[in-house]
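Since the structure comes first, as structure tokens, the remarks are kept for the end.
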Amino acid sequence: MTNKTCLIFCNCGAGIISDEKKDELSEAFKPLGVDIYELHDLCAFSLNEKDFLHNLDKDYDKTLIAACYPRAIKNMFEQNGVQLSNYEVFNFREAGAEQITAELSGKIEEKQDETFYEIKKTDLKVPAWYPIIDKSRCTLCGQCARFCVFGVYSYNKKSLEVVNPLSCKNNCPACGRTCPASAIIFPRLPENSALSGAEPTGEKTSGNDQKGNLFVMLNERNNARRNIFKQGAFQQAEEEKKRALEELKNSFKNPKNDA
């Protein structure tokens, strides 16, 4: 299929954009002349329906993705083992429908006479809320794993992994706020920040560079930790963790009211 392109439109279930904007995007995408797959939603599909995404990679030469921050999607795919060989992400958190549609149109080499539009819903029965590790920034300090009380992470000094993603408490980003390197991402977090996938401010450092200079790494880590305390992020994380634990206790008492 020469130059055949598809568009994945993430109909995010987390409310990071309004229903009105999602409807506007859907209508704006239809004249693009490509096959469109509206997924409810991409976080869930990358975790629970990877085969569908892998089949798209077989059927199309290029996959365009209208979703949230590119950094969040890239690391989410890597963490969940999603293999798309040629894709590009367009951020609908910050850009309007007109801008995104224009950018997408410029990436389509051969347009179809008619648009195929399919809505796909996940079989996942719980919200796809879970942390994503940006391993290019992670220093393996283990702060997130020690702070988490839900058994989401597996950690030792050589490895940090998300092993129980759906054990994470919905809408609790507390562990990520304690990360001194801004290496934890929650794509479904409504705020527009490094914690939801925006590029962190300041210079990036790769894991290899950090290992090559231990003293620089430790100094950066300590400075970042001091900044966290100054900004009140750790206090906010403690409050979010406490709230999540309280909600979990209430869910055991009233299972039907669980979020």
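Numbering starts fresh at 1 for the residues of each chain in the structure tokens, the chains themselves are lettered A, B, ... in the order given, and ligands are numbered from 1 as they appear.
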Residues within 10 Å of Leu140 (chain A), please, as a list in words. Count only C-alpha atoms; anything in the same chain fewer than 4 positions from it doesn't count. Lys135, Cys144, Ala145, Tyr155, Asn156, Lys157, Lys158, Ser159, Leu160, Ala181, Ala183 and Gly207 of chain A
Within 7 Å of region 46-51 of chain A using only C-alpha atoms, minus same-chain residues under 2 positions, as a ChimeraX atom specification: /A:42-44,53-55,77,80,82,124
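For the choices A:Pro165, A:Gly197, A:Gly142, A:Gly96, the atom-to-atom distance to Arg71 (chain A) is smallest for A:Gly197 when using only C-alpha atoms.
Minimum atom-to-atom distance to Phe92 (chain A), evaluated using only C-alpha atoms, belongs to A:Glu24 out of A:Glu247, A:Asp134, A:Glu118, A:Glu24.
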Per-residue DSSP, region 26-211 of chain A, filtered to helix (DSSP H, G or I), as a VMD selection string: chain A and resid 26 to 32 42 to 48 50 to 59 70 to 80 97 to 105 143 to 147 165 to 167 174 to 177 194 to 196 207 to 211
Extract, using only C-alpha atoms, all DNA, RNA and protein residues at most 8 Å from Lys120 (chain A), discarding same-chain residues fewer than 5 positions from it, and format them as an MDAnalysis selection string. chainID A and resid 37:40
Serialized selection, N, CA and C atoms, as a compact mmCIF listing (two decimals), in the first residue's frame:
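As written to disk, part-v2.txt reads:
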```txt
# COMPACT_ATOMS: atom_id res chain seq x y z
N TYR A 37 -9.35 6.25 12.69
CA TYR A 37 -9.76 5.35 13.78
C TYR A 37 -9.87 6.18 15.06
N GLU A 38 -11.09 6.35 15.52
CA GLU A 38 -11.34 7.09 16.77
C GLU A 38 -11.30 6.08 17.91
N LEU A 39 -10.27 6.17 18.73
CA LEU A 39 -10.07 5.20 19.81
C LEU A 39 -10.51 5.77 21.15
N HIS A 40 -11.25 4.98 21.90
CA HIS A 40 -11.70 5.36 23.24
C HIS A 40 -10.99 4.47 24.27
```
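For the pair CA of Ala95 (chain A) and CA of Pro180 (chain A), the interatomic distance is 28.7 Å.
With CA of Ile185 (chain A) on one side and CA of Ile8 (chain A) on the other, the separation reads 20.9 Å.
CA of Glu240 (chain A) lies 29.7 Å from CA of Lys121 (chain A).
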